[in-house]
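Asks: The structure is given below, and queries will be raised subsequently.
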Amino acid sequence: MSTSEQNRPRTLAEALRTWDDAALGELLRRRPDLGMPIPSDTSQLAARATSNASAARAVNRLDEFGVDLLESLSALPEPVDLEALARGVDQPVEVVRPRVAQLLDLALVWGDEDDLRPIRAVHELLGPTPAGLGPVTTRHFGDLDKLIDEAGPDARAVLEKLTWGPPTGSVEKAERPVTIASARTPVERLLARGLVVPKDPNTVVLPRQIGLHLRGGRVLASTRPVPPPLDGKKVSIADRAAAGAAIDLLGLVDRGLEQLGTEPPPVLRTGGLGVRELRSLAGKIGAEEQTAAAVLELAYAAGLVATVEVGTSEVWSPTSTYDDWLELDLAHRWAQLVIAWFSGLRAIGLIGRRDSGGGTAAARERLINALAPDLERLLAPEIRTLTLRALDEAGAGTAPAAQAVVTWVAWHRPRRGGQFRDDLVEWTLTEAALLGLTGLGALATHAHPLLSAEPAADDLAEAIGPLMPEPVSEVLLQADLTAVAPGPLVRAVQDELSAMANVESHGGAAVYRFSESSVRRAFDLGRTASQLHAWLAEHSRTPVPQPLTYLIDDVARRHGVLRLGTASTYLRCDDETVLTELLSSNLPGVRFQRLAPTVVVSPSPPDIVLSRLRDAGLAPLAETFEGALHVTGSARRSKATRRRTSRDFSESAFDLTDDQVKAVIERVRAGDRVAADRPDDEPLTTPSETIAVLTNAAESHSRTWISYVDHNGTAYERFVEPVRVADGWLTAYDEATDQPRTYALHRISAARPVE
């Protein structure tokens, strides 16, 4: 054995011990789960890196070519050198070398260019048939081409069908042993020569050696070392179109939440908003149902909407955060919605679809509603980021086709989500257009801050600010009893105008129409004719039209001719004892009289009665004359609950700081020094040390001594060759029986490598 072979690491742990601090630091930054909690030494770090859970997180973030390289390494017979791997993926060595270096840096592969070894977890994650190749057999075949020719052309045709996978085929159950002399059918001739082997009585499988030979040394039919192109049409007004969409969205959110405040819909028993209520809301704010659902979801993500308890039921209502949101300028309102959407976990595109998850058949048939609690998907933020990066990669002013973006994202995350991933990409494109992040399909300039390491609302607001119109405080009054707002109105002006006129059309120049009923509404709110005349004269760029003056005066003359007062406030309750107790409660300033067993009245105003009842610990529900739920405009908003975002669950939530990385490296180095001073024959007895020894032994196929206590409390010592450590069990070959056995990890009291 040469000196270089003697010095070559035999396990991942030995390889990691040769890394410098910079390389270890980069590994911890790219796989932060390896540093939490801090490993005691390099052996424990390696054991954690080779666990299925940690390896899956790393593999799932690889692009298509990275996964192809791992599949090829898993499929090719060891040892695999760089040139053999390059042949396996049919790419030049110069293309493969830097990508292999990335896999080495991630500790998914260890060794060097002459002997590349994927960690055991990679084999398990990619399954028993990597790249569609069958299992390895121990048979020596000799001249394969000669064997295939002897089997005949029809047998070769069978092999060609199995060559690129799947490597299995169905056959009729054989009633007799097959030999070369007795073989009659093509499959029997292949079986007799070992070119296919039986998997079960009705299935044959193509051995991996034969598959690789038939593929000409290639593992995969084709590979793409670079992402697919993102060609598209050029767009010259993307920023302006996107800004217009952003302004329209703010109007939809405002109208939608004001409608919720006026007529709060009930919360479904299963959570969410009913289909009928969503359809009604969509009609009242002038939007499609899917758009209205997205508007509500954006508001919910930003904390502008929440559930409110009203008596024994719950309704959807704006929160106090919505009031604060209205005080912001347009740019910051928009930025808050975008940040909430970008980092949120809710997959809005699922609304209106059937639940495809687990559970009963009835649950799977259930429609997914807007604002439902089961809309959260951990994959959503990651795919949103990749989709926007694809649009950015296409270039400024370029609108790539939706399918091109889907393909680009699929190349970057081939193992994440499948069809659901593709759906998320298309939904993201739709939602980005609604939010004003794209214009005519191209990424807007003001969307670029989202692609920074730490997206901030202030940066987004600053980017879109120059494109946002300044709110105006004047309108254009016209002779047809309409008022045109030449831009977004100052909030106080909008509220006052809405009190005396109805919105007739929305958009960049909203149109309000005056009518008898709208003017009467203003009088009902306490305005006088002189106040309306003065306000219109102050806020109109044009002279007040005479028809509008006549309308106001005419309504004023008739308004209040017939007067009425509150004769009583009624309270009704199905529980008579509650009303009986109320009559004897002597609430301050409130008198009650019973009209029926379940009805009492009071001469006090409803708001006073409501306040006194709440002070007494009761929870009355106000209703209109028709019995519908009534929530006054001055009702106190509920507080917004914090929404879960990508940082609550993604790896970015656990990113290690530079100080944490330094602390992990120092701890690992210190642990290695302690391990080096330990006598070779001293067994490792702590659970973490034992698991690290067994995991590293499984990686290197090395003998290990273990002390094991069975369920009767009897201690045994065994020499084993670990195969797999996962799910609380060790699978290993027992030298005493030469059979695979499983051992519960919690019953292994000590372990020691054996040379």
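We name chains A, B, ... following the order of the structure tokens; residues begin at 1 in each chain, and ligands are numbered from 1 as shown.
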I'd like the neighbourhood of segment 237-244 of chain A as a PyMOL selection string, where a residue qualifies if any of its atoms comes within 9 Å (using only C-alpha atoms), though same-chain residues fewer than 5 positions away should be ignored.

Replies: chain A and resi 249+397-398+433-446+464+467-468+508

Asks: Leaving out segment 579-590 of chain A and any residue of its chain fewer than 5 positions from it, which residues lie within 10 Å of it when counting only C-alpha atoms, given as a list of chain:residue names?

Replies: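 The neighbour list is A:Leu571, A:Arg572, A:Cys573, A:Asp574, A:Pro597, A:Thr598, A:Val599, A:Val600, A:Ser602, A:Pro603, A:Ser604, A:Pro605, A:Ile608, A:Val609, A:Arg612, A:Leu613, A:Asp615, A:Ala616, A:Leu618.
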
Asks: I'd like the contact shell of segment 301-304 of chain A - 6 Å cut-off, only C-alpha atoms, skipping same-chain residues fewer than 6 positions apart - returned as a ChimeraX atom specification.

Replies: /A:318-319,321-322,337,340,640

Asks: Between atom CA of Leu126 of chain A and atom CA of Leu375 of chain A, what is the distance in Å, rounded to a tenth?

Replies: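 Going from atom CA of Leu126 of chain A over to atom CA of Leu375 of chain A, I get 29.5 Å.
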
Asks: Just the residues within 9 Å of segment 16-31 of chain A, please, counting only C-alpha atoms, with nothing from its chain fewer than 3 positions along; format it as a list in words.

Replies: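 So, after excluding close chain neighbours, the residues are Pro9, Thr11, Leu12, Ala13, Leu34, Gly35, Thr42, Ser43, Leu45, Ala46, Ala49, Ser54, Arg57, Ala58, Asp105, Leu106, Ala107, Trp110, Glu651, Asp655, Leu656, Thr657, Asp658, Val661, Lys662, Val664, Ile665, Arg669 and Asp672 of chain A.
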